[in-house]
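Peer 1: Handing you a structure now.
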Amino acid sequence: MTHILHIDSSPRSERSISRLLTKEFITAWKQAYKHDTVTYRDIGHYVIPPIDETWIAAAFSRSRELSPELEAALKISDELIDELLAADLCVFGVPMYNYSIPANFKAYIDQIVRVKRTFTVGQDGYEGLVKDKKILVITTRGGTYSNSQLDFQEPYLRAIFELIGITDITFIHAENLSMGDENRQQSIAAVSDVIQEFVARN
Ligand SMILES: Cc1cc2nc3c(=O)[nH]c(=O)nc-3n(C[C@H](O)[C@H](O)[C@H](O)COP(=O)(O)O)c2cc1C
């Protein structure tokens, strides 16, 4: 049985194409594997707080016992990390914003990349602590970025998830979404096919 963590990060609702596509994925997956389970988190509408000074003091504290204030500062981080660790497969809907990721997805990353919980620093440098997990990232983009140096989205997400130990990462890009109705519809249809293939393959 596979447990899926499904996260949407677009602040848009009905107009969001990343939401449409992650929903399509989950529907297809549930049809194929009826007993699999899904945890859903909507960080586009229920925004993750940015880390602050108390969070940093708590996360990097050397003492085992944290004061109630420091413990409280890590509450959402603990919750998000537990949720991530419980999943076998993570499905993230991530729009491209300004060549990169939306601030709310960055806030999520800042909460889950945490020393002693998802990575450690040893003699050989960083070591990821998150094992046996797959990630599928469905991105949405107004333009097209194949072989473009302006794609700071996929390389960044690969690098940061690899840091915490996740190397099995698949990207499905829905591109050209701001290039007129015909291009948008073609792109969505092509990505739908890729989503069905991914479900059939896994
Ligand atoms: C603030 C903002 C920044 C954007 N920056 C880019 C960009 O750098 N490159 C691009 O191709 N599309 C960009 N777009 C277009 C979005 O990626 C596109 O509209 C996508 O469909 C958004 O995802 P959603 O439909 O799930 O909301 C941007 C859109 C917004 C609102």
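Chain lettering (A, B, ...) mirrors the order of the structure tokens, residue numbering begins at 1 for each chain separately, and ligand numbering begins at 1 in order of display.
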Taking only region 1-201 of chain A into account, list the residues labelled strand (DSSP E or B) by DSSP (computed from the backbone), as a ChimeraX atom specification.

Peer 2: /A:3-8,37-42,89-95,97,100,115,119-122,125-128,134-140,168-174

Peer 1: May I have the residues within 7 Å of ligand 1, computed using only C-alpha atoms and all ligand atoms, as a list in words?

Peer 2: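 Here is the list of contacting residues: Ser10, Pro11, Arg12, Arg15, Ser16, Ile17, Ser18, Arg19, Val94, Pro95, Met96, Tyr97, Asn98, Tyr99, Ser100, Thr140, Arg141, Gly142, Gly143, Thr144, Leu177 and Ser178 of chain A.
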
Peer 1: List every residue of region 62-193 of chain A that DSSP, applied to the backbone of this structure, assigns to helix (DSSP H, G or I), and report them as a compact mmCIF listing (two decimals) with all heavy atoms, in the first residue's frame.

Peer 2:
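The result, written out as part.txt:
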```
# COMPACT_ATOMS: atom_id res chain seq x y z
N PRO A 68 9.26 25.79 26.63
CA PRO A 68 7.94 25.74 25.96
C PRO A 68 7.86 26.70 24.77
O PRO A 68 7.27 26.37 23.75
CB PRO A 68 6.97 26.17 27.07
CG PRO A 68 7.66 25.80 28.34
CD PRO A 68 9.13 25.98 28.09
N GLU A 69 8.54 27.86 24.90
CA GLU A 69 8.50 28.83 23.79
C GLU A 69 9.22 28.28 22.55
O GLU A 69 8.71 28.36 21.42
CB GLU A 69 9.17 30.14 24.23
CG GLU A 69 8.98 31.26 23.22
CD GLU A 69 10.03 32.37 23.33
OE1 GLU A 69 10.99 32.24 24.12
OE2 GLU A 69 9.88 33.35 22.59
N LEU A 70 10.38 27.67 22.76
CA LEU A 70 11.13 27.12 21.62
C LEU A 70 10.40 25.92 21.02
O LEU A 70 10.35 25.74 19.80
CB LEU A 70 12.55 26.74 22.04
CG LEU A 70 13.49 27.88 22.44
CD1 LEU A 70 14.90 27.37 22.63
CD2 LEU A 70 13.49 29.02 21.43
N GLU A 71 9.84 25.11 21.89
CA GLU A 71 9.09 23.94 21.41
C GLU A 71 7.91 24.38 20.53
O GLU A 71 7.65 23.80 19.48
CB GLU A 71 8.59 23.15 22.61
CG GLU A 71 8.45 21.67 22.32
CD GLU A 71 8.27 20.90 23.60
OE1 GLU A 71 9.28 20.65 24.30
OE2 GLU A 71 7.12 20.59 23.91
N ALA A 72 7.22 25.43 21.00
CA ALA A 72 6.06 25.92 20.25
C ALA A 72 6.46 26.45 18.87
O ALA A 72 5.74 26.30 17.89
CB ALA A 72 5.36 27.02 21.05
N ALA A 73 7.69 27.03 18.81
CA ALA A 73 8.14 27.60 17.53
C ALA A 73 8.35 26.52 16.47
O ALA A 73 8.32 26.80 15.27
CB ALA A 73 9.44 28.37 17.75
N LYS A 75 6.44 23.72 16.25
CA LYS A 75 5.25 22.87 16.18
C LYS A 75 4.84 22.58 14.73
O LYS A 75 4.67 21.43 14.34
CB LYS A 75 4.11 23.55 16.94
CG LYS A 75 2.92 22.66 17.16
CD LYS A 75 1.97 23.27 18.18
CE LYS A 75 0.73 22.42 18.33
NZ LYS A 75 -0.18 22.53 17.19
N ILE A 76 4.72 23.61 13.94
CA ILE A 76 4.27 23.41 12.55
C ILE A 76 5.34 22.64 11.76
O ILE A 76 5.04 21.78 10.93
CB ILE A 76 3.86 24.74 11.86
CG1 ILE A 76 3.39 24.51 10.41
CG2 ILE A 76 4.95 25.77 11.87
CD1 ILE A 76 2.06 23.84 10.31
N SER A 77 6.61 22.94 12.06
CA SER A 77 7.71 22.23 11.40
C SER A 77 7.64 20.74 11.72
O SER A 77 7.75 19.88 10.82
CB SER A 77 9.04 22.83 11.84
OG SER A 77 10.11 22.04 11.42
N ASP A 78 7.43 20.41 13.00
CA ASP A 78 7.33 19.00 13.41
C ASP A 78 6.17 18.31 12.68
O ASP A 78 6.29 17.20 12.20
CB ASP A 78 7.11 18.89 14.93
CG ASP A 78 8.41 19.09 15.69
OD1 ASP A 78 9.48 18.76 15.15
OD2 ASP A 78 8.36 19.59 16.83
N GLU A 79 5.05 19.03 12.61
CA GLU A 79 3.86 18.47 11.97
C GLU A 79 4.12 18.18 10.49
O GLU A 79 3.81 17.11 9.97
CB GLU A 79 2.72 19.49 12.12
CG GLU A 79 1.33 18.95 11.90
CD GLU A 79 0.29 20.06 12.04
OE1 GLU A 79 0.28 20.76 13.08
OE2 GLU A 79 -0.47 20.25 11.10
N LEU A 80 4.75 19.15 9.82
CA LEU A 80 5.02 19.00 8.39
C LEU A 80 6.04 17.89 8.13
O LEU A 80 5.93 17.13 7.18
CB LEU A 80 5.51 20.32 7.79
CG LEU A 80 4.48 21.46 7.78
CD1 LEU A 80 5.15 22.77 7.38
CD2 LEU A 80 3.31 21.15 6.86
N ILE A 81 7.05 17.80 9.00
CA ILE A 81 8.07 16.76 8.83
C ILE A 81 7.46 15.38 9.09
O ILE A 81 7.69 14.44 8.31
CB ILE A 81 9.30 17.03 9.74
CG1 ILE A 81 10.05 18.27 9.23
CG2 ILE A 81 10.23 15.83 9.77
CD1 ILE A 81 11.14 18.79 10.16
N ASP A 82 6.66 15.25 10.13
CA ASP A 82 6.01 13.96 10.42
C ASP A 82 5.15 13.52 9.23
O ASP A 82 5.14 12.35 8.85
CB ASP A 82 5.13 14.05 11.68
CG ASP A 82 5.97 14.20 12.95
OD1 ASP A 82 7.19 13.95 12.89
OD2 ASP A 82 5.40 14.59 13.98
N GLU A 83 4.46 14.49 8.65
CA GLU A 83 3.59 14.22 7.50
C GLU A 83 4.42 13.73 6.30
O GLU A 83 4.06 12.79 5.62
CB GLU A 83 2.91 15.54 7.15
CG GLU A 83 1.62 15.47 6.42
CD GLU A 83 1.01 16.87 6.38
OE1 GLU A 83 1.47 17.73 5.61
OE2 GLU A 83 0.07 17.09 7.15
N LEU A 84 5.55 14.39 6.09
CA LEU A 84 6.45 14.01 4.99
C LEU A 84 7.03 12.61 5.22
O LEU A 84 7.06 11.77 4.31
CB LEU A 84 7.58 15.04 4.88
CG LEU A 84 8.67 14.76 3.85
CD1 LEU A 84 8.16 15.07 2.44
CD2 LEU A 84 9.92 15.59 4.11
N LEU A 85 7.47 12.36 6.46
CA LEU A 85 8.09 11.06 6.76
C LEU A 85 7.08 9.91 6.65
O LEU A 85 7.47 8.79 6.34
CB LEU A 85 8.71 11.08 8.17
CG LEU A 85 9.88 12.06 8.37
CD1 LEU A 85 10.37 12.03 9.82
CD2 LEU A 85 11.04 11.75 7.42
N ALA A 86 5.81 10.20 6.87
CA ALA A 86 4.78 9.15 6.81
C ALA A 86 4.44 8.76 5.37
O ALA A 86 3.82 7.72 5.14
CB ALA A 86 3.53 9.63 7.53
N ALA A 103 6.51 31.82 -3.00
CA ALA A 103 7.03 32.02 -1.63
C ALA A 103 6.40 31.03 -0.64
O ALA A 103 7.07 30.60 0.30
CB ALA A 103 6.75 33.46 -1.18
N ASN A 104 5.16 30.65 -0.88
CA ASN A 104 4.54 29.73 0.10
C ASN A 104 5.14 28.33 0.01
O ASN A 104 5.21 27.62 1.01
CB ASN A 104 3.00 29.70 0.00
CG ASN A 104 2.51 29.57 -1.40
OD1 ASN A 104 3.24 29.07 -2.27
ND2 ASN A 104 1.30 29.99 -1.67
N PHE A 105 5.62 27.93 -1.17
CA PHE A 105 6.32 26.63 -1.24
C PHE A 105 7.71 26.74 -0.62
O PHE A 105 8.20 25.81 0.01
CB PHE A 105 6.38 26.10 -2.68
CG PHE A 105 6.59 24.61 -2.72
CD1 PHE A 105 5.54 23.73 -2.48
CD2 PHE A 105 7.84 24.07 -2.94
CE1 PHE A 105 5.73 22.35 -2.46
CE2 PHE A 105 8.05 22.69 -2.93
CZ PHE A 105 6.99 21.83 -2.69
N LYS A 106 8.33 27.89 -0.77
CA LYS A 106 9.64 28.12 -0.13
C LYS A 106 9.49 28.08 1.39
O LYS A 106 10.35 27.53 2.11
CB LYS A 106 10.23 29.45 -0.59
CG LYS A 106 11.59 29.80 0.03
CD LYS A 106 12.65 28.79 -0.31
CE LYS A 106 14.06 29.25 -0.03
NZ LYS A 106 14.29 29.75 1.31
N ALA A 107 8.39 28.66 1.90
CA ALA A 107 8.15 28.63 3.35
C ALA A 107 8.01 27.18 3.82
O ALA A 107 8.52 26.81 4.89
CB ALA A 107 6.90 29.43 3.70
N TYR A 108 7.34 26.35 3.00
CA TYR A 108 7.21 24.92 3.33
C TYR A 108 8.60 24.27 3.41
O TYR A 108 8.91 23.56 4.38
CB TYR A 108 6.35 24.24 2.26
CG TYR A 108 6.28 22.74 2.40
CD1 TYR A 108 5.51 22.15 3.42
CD2 TYR A 108 6.99 21.90 1.54
CE1 TYR A 108 5.46 20.77 3.57
CE2 TYR A 108 6.94 20.52 1.68
CZ TYR A 108 6.17 19.96 2.69
OH TYR A 108 6.13 18.59 2.84
N ILE A 109 9.43 24.54 2.41
CA ILE A 109 10.78 23.96 2.38
C ILE A 109 11.58 24.40 3.62
O ILE A 109 12.25 23.60 4.26
CB ILE A 109 11.50 24.33 1.07
CG1 ILE A 109 10.87 23.53 -0.08
CG2 ILE A 109 13.00 24.07 1.14
CD1 ILE A 109 11.32 23.96 -1.45
N ASP A 110 11.50 25.68 3.95
CA ASP A 110 12.25 26.18 5.12
C ASP A 110 11.81 25.47 6.40
O ASP A 110 12.62 25.31 7.32
CB ASP A 110 12.09 27.70 5.27
CG ASP A 110 12.85 28.46 4.18
OD1 ASP A 110 13.72 27.87 3.53
OD2 ASP A 110 12.55 29.66 3.98
N GLN A 111 10.55 25.05 6.46
CA GLN A 111 10.06 24.37 7.66
C GLN A 111 10.49 22.90 7.71
O GLN A 111 10.67 22.33 8.79
CB GLN A 111 8.53 24.43 7.74
CG GLN A 111 7.96 25.84 7.94
CD GLN A 111 8.03 26.31 9.39
OE1 GLN A 111 8.49 25.61 10.29
NE2 GLN A 111 7.56 27.53 9.63
N ILE A 112 10.65 22.27 6.53
CA ILE A 112 10.95 20.82 6.56
C ILE A 112 12.44 20.49 6.44
O ILE A 112 12.84 19.37 6.73
CB ILE A 112 10.16 20.03 5.47
CG1 ILE A 112 10.52 20.52 4.07
CG2 ILE A 112 8.66 20.07 5.74
CD1 ILE A 112 10.16 19.54 2.98
N GLU A 154 13.11 23.66 -11.30
CA GLU A 154 13.47 22.23 -11.20
C GLU A 154 14.85 22.02 -10.57
O GLU A 154 14.97 21.21 -9.64
CB GLU A 154 13.39 21.55 -12.58
CG GLU A 154 13.87 20.11 -12.48
CD GLU A 154 13.70 19.29 -13.76
OE1 GLU A 154 12.86 19.64 -14.60
OE2 GLU A 154 14.41 18.27 -13.88
N PRO A 155 15.90 22.73 -11.01
CA PRO A 155 17.23 22.46 -10.39
C PRO A 155 17.22 22.75 -8.88
O PRO A 155 17.81 22.02 -8.11
CB PRO A 155 18.18 23.43 -11.12
CG PRO A 155 17.47 23.78 -12.37
CD PRO A 155 16.00 23.70 -12.09
N TYR A 156 16.53 23.80 -8.48
CA TYR A 156 16.48 24.14 -7.05
C TYR A 156 15.76 23.03 -6.27
O TYR A 156 16.25 22.56 -5.23
CB TYR A 156 15.78 25.49 -6.83
CG TYR A 156 15.51 25.71 -5.36
CD1 TYR A 156 16.58 25.86 -4.47
CD2 TYR A 156 14.21 25.68 -4.85
CE1 TYR A 156 16.35 26.00 -3.10
CE2 TYR A 156 13.97 25.81 -3.49
CZ TYR A 156 15.05 25.97 -2.63
OH TYR A 156 14.82 26.08 -1.29
N LEU A 157 14.59 22.62 -6.78
CA LEU A 157 13.82 21.60 -6.04
C LEU A 157 14.59 20.28 -5.98
O LEU A 157 14.62 19.62 -4.95
CB LEU A 157 12.44 21.42 -6.68
CG LEU A 157 11.49 22.62 -6.48
CD1 LEU A 157 10.21 22.43 -7.28
CD2 LEU A 157 11.16 22.81 -5.00
N ARG A 158 15.24 19.91 -7.08
CA ARG A 158 16.06 18.68 -7.05
C ARG A 158 17.15 18.80 -5.98
O ARG A 158 17.37 17.89 -5.18
CB ARG A 158 16.75 18.46 -8.41
CG ARG A 158 15.85 17.80 -9.41
CD ARG A 158 16.65 17.29 -10.61
NE ARG A 158 15.73 16.84 -11.64
CZ ARG A 158 15.07 15.70 -11.60
NH1 ARG A 158 15.25 14.86 -10.60
NH2 ARG A 158 14.23 15.38 -12.57
N ALA A 159 17.85 19.94 -5.96
CA ALA A 159 18.98 20.11 -5.04
C ALA A 159 18.52 20.06 -3.58
O ALA A 159 19.13 19.40 -2.75
CB ALA A 159 19.70 21.42 -5.33
N ILE A 160 17.43 20.73 -3.27
CA ILE A 160 17.03 20.84 -1.87
C ILE A 160 16.44 19.52 -1.36
O ILE A 160 16.68 19.13 -0.21
CB ILE A 160 16.09 22.05 -1.62
CG1 ILE A 160 16.10 22.44 -0.15
CG2 ILE A 160 14.68 21.85 -2.09
CD1 ILE A 160 17.42 22.94 0.35
N PHE A 161 15.70 18.80 -2.23
CA PHE A 161 15.17 17.51 -1.77
C PHE A 161 16.28 16.45 -1.71
O PHE A 161 16.25 15.56 -0.86
CB PHE A 161 13.97 17.07 -2.62
CG PHE A 161 12.72 17.82 -2.25
CD1 PHE A 161 12.15 18.75 -3.11
CD2 PHE A 161 12.13 17.65 -1.00
CE1 PHE A 161 11.02 19.47 -2.75
CE2 PHE A 161 11.00 18.36 -0.63
CZ PHE A 161 10.44 19.28 -1.51
N GLU A 162 17.26 16.56 -2.59
CA GLU A 162 18.41 15.65 -2.50
C GLU A 162 19.17 15.88 -1.20
O GLU A 162 19.66 14.96 -0.58
CB GLU A 162 19.32 15.80 -3.72
CG GLU A 162 18.76 15.03 -4.91
CD GLU A 162 19.56 15.17 -6.19
OE1 GLU A 162 20.73 15.60 -6.13
OE2 GLU A 162 19.01 14.86 -7.26
N LEU A 163 19.25 17.12 -0.77
CA LEU A 163 19.95 17.43 0.49
C LEU A 163 19.33 16.67 1.66
O LEU A 163 20.04 16.20 2.56
CB LEU A 163 19.91 18.93 0.76
CG LEU A 163 20.63 19.39 2.03
CD1 LEU A 163 21.49 20.60 1.74
CD2 LEU A 163 19.68 19.72 3.15
N ASP A 181 -5.21 30.20 -25.76
CA ASP A 181 -6.07 29.06 -25.40
C ASP A 181 -5.61 27.74 -26.01
O ASP A 181 -5.59 26.71 -25.36
CB ASP A 181 -7.50 29.33 -25.88
CG ASP A 181 -8.20 30.29 -24.94
OD1 ASP A 181 -7.61 30.61 -23.89
OD2 ASP A 181 -9.32 30.73 -25.28
N GLU A 182 -5.25 27.81 -27.32
CA GLU A 182 -4.92 26.57 -28.02
C GLU A 182 -3.67 25.92 -27.40
O GLU A 182 -3.67 24.71 -27.11
CB GLU A 182 -4.67 26.88 -29.50
CG GLU A 182 -4.84 25.65 -30.37
CD GLU A 182 -4.62 25.99 -31.84
OE1 GLU A 182 -5.08 27.08 -32.26
OE2 GLU A 182 -3.99 25.16 -32.52
N ASN A 183 -2.62 26.73 -27.19
CA ASN A 183 -1.40 26.20 -26.57
C ASN A 183 -1.69 25.64 -25.18
O ASN A 183 -1.16 24.60 -24.79
CB ASN A 183 -0.33 27.29 -26.47
CG ASN A 183 0.34 27.53 -27.80
OD1 ASN A 183 0.62 26.59 -28.54
ND2 ASN A 183 0.58 28.79 -28.12
N ARG A 184 -2.50 26.38 -24.43
CA ARG A 184 -2.81 25.94 -23.06
C ARG A 184 -3.52 24.58 -23.07
O ARG A 184 -3.15 23.66 -22.34
CB ARG A 184 -3.66 27.00 -22.34
CG ARG A 184 -3.92 26.62 -20.88
CD ARG A 184 -4.51 27.75 -20.07
NE ARG A 184 -5.73 28.28 -20.65
CZ ARG A 184 -5.84 29.46 -21.25
NH1 ARG A 184 -4.81 30.27 -21.32
NH2 ARG A 184 -6.98 29.85 -21.77
N GLN A 185 -4.53 24.48 -23.95
CA GLN A 185 -5.28 23.22 -23.99
C GLN A 185 -4.40 22.06 -24.44
O GLN A 185 -4.48 20.96 -23.90
CB GLN A 185 -6.51 23.35 -24.93
CG GLN A 185 -7.60 24.29 -24.42
CD GLN A 185 -7.95 24.07 -22.94
OE1 GLN A 185 -7.85 22.96 -22.41
NE2 GLN A 185 -8.31 25.13 -22.23
N GLN A 186 -3.53 22.34 -25.43
CA GLN A 186 -2.61 21.28 -25.92
C GLN A 186 -1.70 20.82 -24.80
O GLN A 186 -1.44 19.63 -24.62
CB GLN A 186 -1.75 21.82 -27.06
CG GLN A 186 -2.39 21.62 -28.43
CD GLN A 186 -1.53 22.21 -29.54
OE1 GLN A 186 -0.36 22.55 -29.32
NE2 GLN A 186 -2.11 22.35 -30.71
N SER A 187 -1.18 21.80 -24.05
CA SER A 187 -0.24 21.48 -22.97
C SER A 187 -0.93 20.66 -21.88
O SER A 187 -0.38 19.65 -21.42
CB SER A 187 0.31 22.79 -22.39
OG SER A 187 1.11 22.52 -21.29
N ILE A 188 -2.13 21.06 -21.51
CA ILE A 188 -2.85 20.33 -20.45
C ILE A 188 -3.15 18.91 -20.91
O ILE A 188 -2.98 17.94 -20.15
CB ILE A 188 -4.15 21.09 -20.06
CG1 ILE A 188 -3.79 22.41 -19.37
CG2 ILE A 188 -5.05 20.24 -19.17
CD1 ILE A 188 -4.96 23.35 -19.12
N ALA A 189 -3.55 18.76 -22.19
CA ALA A 189 -3.86 17.42 -22.71
C ALA A 189 -2.61 16.55 -22.72
O ALA A 189 -2.65 15.37 -22.34
CB ALA A 189 -4.46 17.53 -24.11
N ALA A 190 -1.48 17.13 -23.13
CA ALA A 190 -0.22 16.35 -23.18
C ALA A 190 0.19 15.91 -21.78
O ALA A 190 0.60 14.77 -21.56
CB ALA A 190 0.88 17.18 -23.83
N VAL A 191 0.05 16.82 -20.81
CA VAL A 191 0.43 16.49 -19.43
C VAL A 191 -0.52 15.44 -18.85
O VAL A 191 -0.09 14.54 -18.12
CB VAL A 191 0.50 17.77 -18.57
CG1 VAL A 191 0.55 17.43 -17.09
CG2 VAL A 191 1.73 18.58 -18.95
N SER A 192 -1.79 15.52 -19.21
CA SER A 192 -2.74 14.49 -18.73
C SER A 192 -2.29 13.12 -19.17
O SER A 192 -2.35 12.15 -18.38
CB SER A 192 -4.14 14.76 -19.29
OG SER A 192 -4.63 15.95 -18.76
N ASP A 193 -1.83 13.01 -20.42
CA ASP A 193 -1.34 11.70 -20.91
C ASP A 193 -0.13 11.24 -20.10
O ASP A 193 -0.03 10.07 -19.73
CB ASP A 193 -0.92 11.80 -22.40
CG ASP A 193 -2.14 11.97 -23.30
OD1 ASP A 193 -3.27 11.73 -22.81
OD2 ASP A 193 -1.95 12.34 -24.47
```

Peer 1: Just checking: using only C-alpha atoms, which residue out of A:Phe60, A:Phe171, A:Tyr46, A:Phe92 ends up closest to Lys23 (chain A)?

Peer 2: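 Closest candidate: A:Phe92.
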
Peer 1: Check the smallest atom-to-atom distance from each of A:Asp88, A:Asp132, A:Glu65, A:Asp42 to Ser9 (chain A) using only C-alpha atoms, then report the winner.

Peer 2: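 Nearest candidate to Ser9 (chain A) out of A:Asp88, A:Asp132, A:Glu65, A:Asp42: A:Asp42.
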
Peer 1: Just want the 10 Å neighbourhood of Ile4 (chain A), counted on only C-alpha atoms, with same-chain residues fewer than 2 positions away dropped. Output as JSON, numbers by chain.

Peer 2: {"A": [1, 2, 6, 7, 26, 29, 36, 37, 38, 39, 40, 83, 84, 86, 87, 88, 89, 90, 91, 134, 135]}

Peer 1: Which residue, A:Lys116, A:His173, A:Lys131, A:Arg201, has the smallest gap to Ala58 (chain A) when you use only C-alpha atoms?

Peer 2: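 Among the listed residues, A:Lys116 lies closest to Ala58 (chain A).
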
Peer 1: Work out how far CA of Thr139 (chain A) is from CA of Lys34 (chain A), in Å to one decimal.

Peer 2: 25.6 Å

Peer 1: Measure the distance from CA of Ile43 (chain A) to CA of Val121 (chain A) in Å and round it to one decimal.

Peer 2: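 Going from CA of Ile43 (chain A) over to CA of Val121 (chain A) covers 28.8 Å.
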
Peer 1: Go ahead and compute the interatomic distance for CA of Ile164 (chain A) and CA of Gly44 (chain A), in Å to one decimal.

Peer 2: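 Interatomic distance, CA of Ile164 (chain A) to CA of Gly44 (chain A): 23.1 Å.
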